[in-house]
Amino acid sequence: MPTPDSHPHDPAVAPDGALWYSGQMSNTLGRLDPKTGKMQEFRLKTPDSGPHGLVADHDGNIWFTANFKGYIGKLNPRTGQVAEYALPDKDAADPHTPVFDQKGMLWFTVQQGNDVGRLDPHSGMVILKKVPTSHALPYGIAVNSKGVPFFCEFGTSKLASINPETMEITEYPLPKGARPRRLAITSDDRVYYSDYARGYLGAMDPTTGKNEEWPSPGGPGSEPYAITATPDGKVW
């Protein structure tokens, strides 16, 4: 990495094929050109922002969660300028994972604040919704084919969805002791999640609420974390 001890966190692929990452401890966003191996860093304007999750929009702007400073940021790679969108609640201090829906709305989780948020990139308006279960620790989030965001409640044994129009949250119980950390949604809208506490891969059908589980070959201490699904339905 260009900066030692930058603690690269989440990766994201931009429309031009470049790989972006958050330099959480160096207060930077980084760009890797896979063809040349060249890395470029962009420094954020607010010190100690703690960038965490990030995602690219259709224009190539990089949106990120400032996990240490409680704002959502947008980097324009062409100019290096960063726009900041403050969250409307001081308790929502640690935005975590961002994702775009099909209409261009940015959804994000707020772990310790126990919120799910929606940001309109056109107006800059941010709306927060408290999760019904206290200390749920909203963590990973993904959007299904119908534009409905689903998220993990890492602090309890539940998944949840949020209605994109009404902001109403629906919770789905998982097996006792499960701690879903991140999730992925396949083309049939099944929700797969990594059970970090028990060492399982799980799947939930939102239409029925039924669960299916597979133990990790690494055992209960394997702590599965990140997860993704390919267009042909494979889950990694």
# chains A, B, ... in the order shown; residues from 1 in each chain; ligands from 1
>>> residues_around(residues="Leu32 in chain A", least_positions_apart="5", cutoff="8 Å", atoms="only C-alpha atoms", output="list in words")
Ala18, Leu19, Trp20, Gly37, Lys38, Met39 and Gln40 of chain A
>>> residues_around(residues="Thr46 in chain A", least_positions_apart="5", cutoff="10 Å", atoms="only C-alpha atoms", output="PDB file with N, CA and C atoms, in the first residue's frame")
ATOM      1  N   ASN A  27      -7.049   7.816   6.492  1.00  0.00           N
ATOM      2  CA  ASN A  27      -7.969   8.873   6.078  1.00  0.00           C
ATOM      3  C   ASN A  27      -7.931   9.088   4.565  1.00  0.00           C
ATOM      4  N   ALA A  66     -18.211   7.497   6.552  1.00  0.00           N
ATOM      5  CA  ALA A  66     -17.178   7.987   7.470  1.00  0.00           C
ATOM      6  C   ALA A  66     -17.487   7.426   8.849  1.00  0.00           C
ATOM      7  N   LYS A  69     -16.618   9.670  11.945  1.00  0.00           N
ATOM      8  CA  LYS A  69     -17.079  11.059  12.020  1.00  0.00           C
ATOM      9  C   LYS A  69     -18.559  11.242  11.713  1.00  0.00           C
ATOM     10  N   VAL A  82     -14.292  16.262  -2.299  1.00  0.00           N
ATOM     11  CA  VAL A  82     -15.120  15.410  -1.456  1.00  0.00           C
ATOM     12  C   VAL A  82     -16.304  16.221  -0.934  1.00  0.00           C
ATOM     13  N   GLU A  84     -19.555  16.157   1.712  1.00  0.00           N
ATOM     14  CA  GLU A  84     -19.926  15.484   2.950  1.00  0.00           C
ATOM     15  C   GLU A  84     -21.400  15.724   3.264  1.00  0.00           C
TER      16      GLU A  84
END
>>> residues_around(residues="Phe42 in chain A", least_positions_apart="4", cutoff="7 Å", atoms="only C-alpha atoms", output="PyMOL selection string")
chain A and resi 28-30+80
>>> select_by_dssp(residues="range 68-124 of chain A", states="strand (DSSP E)", output="PyMOL selection string")
chain A and resi 71-75+82-86+95-100+106-110+115-119
>>> closest_atom_pairs(of="range 64-144 of chain A", to="range 48-53 of chain A", cutoff="7 Å", atoms="only C-alpha atoms", output="CSV")
residue,atom,partner,partner_atom,distance
A:Phe64,CA,A:Gly53,CA,5.6
A:Thr65,CA,A:His52,CA,5.5
A:Ala66,CA,A:Pro51,CA,4.5
A:Asn67,CA,A:Gly50,CA,5.1
A:Phe68,CA,A:Gly50,CA,4.8
A:Lys69,CA,A:Ser49,CA,5.1
A:His96,CA,A:Gly53,CA,6.0
A:Thr97,CA,A:Gly53,CA,4.7
A:Pro98,CA,A:Gly53,CA,6.0
>>> write_last_selection(atoms="C-alpha atoms", output="short mmCIF file (atom, residue, chain, number, x, y, z; two decimals), in the first residue's frame")
data_model
loop_
_atom_site.label_atom_id
_atom_site.label_comp_id
_atom_site.auth_asym_id
_atom_site.auth_seq_id
_atom_site.Cartn_x
_atom_site.Cartn_y
_atom_site.Cartn_z
CA PHE A 64 -18.28 6.08 1.43
CA THR A 65 -19.28 5.91 5.07
CA ALA A 66 -17.18 7.99 7.47
CA ASN A 67 -17.30 5.50 10.31
CA PHE A 68 -15.42 7.70 12.81
CA LYS A 69 -17.08 11.06 12.02
CA HIS A 96 -21.13 1.37 8.20
CA THR A 97 -22.07 -0.15 4.82
CA PRO A 98 -23.53 1.68 1.78
#
>>> closest_atom_pairs(of="range 113-189 of chain A", to="range 208-219 of chain A", cutoff="9 Å", atoms="only C-alpha atoms", output="tab-separated table")
residue	atom	partner	partner_atom	distance
A:Tyr172	CA	A:Gly209	CA	6.5
A:Pro173	CA	A:Gly209	CA	8.0
A:Leu174	CA	A:Asn211	CA	7.1
A:Pro175	CA	A:Asn211	CA	8.2
>>> write_last_selection(atoms="C-alpha atoms", output="CSV table (one decimal), in the first residue's frame")
chain,number,residue,atom,x,y,z
A,172,TYR,CA,-36.9,-12.2,10.2
A,173,PRO,CA,-35.8,-14.5,13.0
A,174,LEU,CA,-32.8,-16.8,12.5
A,175,PRO,CA,-31.8,-19.9,14.5
>>> closest_residue(among="A:Gln24, A:Val99, A:Ala14, A:Gly104", to="Pro77 in chain A", atoms="only C-alpha atoms")
A:Ala14
>>> closest_residue(among="A:Leu128, A:Val235, A:Val148, A:Ala197", to="Ser222 in chain A", atoms="only C-alpha atoms")
A:Ala197
>>> residues_around(residues="Pro206 in chain A", least_positions_apart="4", cutoff="8 Å", atoms="only C-alpha atoms", output="JSON, numbers by chain")
{"A": [189, 190, 191, 210]}
>>> write_last_selection(atoms="C-alpha atoms", output="mmCIF file, in the first residue's frame")
data_model
loop_
_atom_site.group_PDB
_atom_site.id
_atom_site.type_symbol
_atom_site.label_atom_id
_atom_site.label_comp_id
_atom_site.auth_asym_id
_atom_site.auth_seq_id
_atom_site.Cartn_x
_atom_site.Cartn_y
_atom_site.Cartn_z
ATOM 1 C CA ASP A 189 -34.028 -13.074 -4.201
ATOM 2 C CA ARG A 190 -32.907 -15.614 -1.613
ATOM 3 C CA VAL A 191 -30.900 -13.918 1.101
ATOM 4 C CA LYS A 210 -37.860 -20.245 6.159
#
>>> closest_residue(among="A:Thr156, A:Ser123, A:Thr79, A:Thr228", to="Ile141 in chain A", atoms="only C-alpha atoms")
A:Thr228
>>> closest_residue(among="A:Met25, A:Leu119, A:Ala86, A:Cys152", to="Asp101 in chain A", atoms="only C-alpha atoms")
A:Leu119
>>> residues_around(residues="Ala184 in chain A", least_positions_apart="4", cutoff="10 Å", atoms="only C-alpha atoms", output="MDAnalysis selection string")
chainID A and resid 140:144 150:151 189:194 203 226:230 235:236
>>> residues_around(residues="Asp16 in chain A", least_positions_apart="3", cutoff="12 Å", atoms="only C-alpha atoms", output="count of residues only")
16
>>> closest_residue(among="A:Asp188, A:Asp5, A:Glu168, A:Asp91", to="Pro231 in chain A", atoms="only C-alpha atoms")
A:Asp188
>>> residues_around(residues="Gly147 in chain A", least_positions_apart="6", cutoff="8 Å", atoms="only C-alpha atoms", output="PyMOL selection string")
chain A and resi 101-103+164
>>> atom_distance(atom1="CA of Ser157 in chain A", atom2="CA of Phe108 in chain A")
19.8 Å
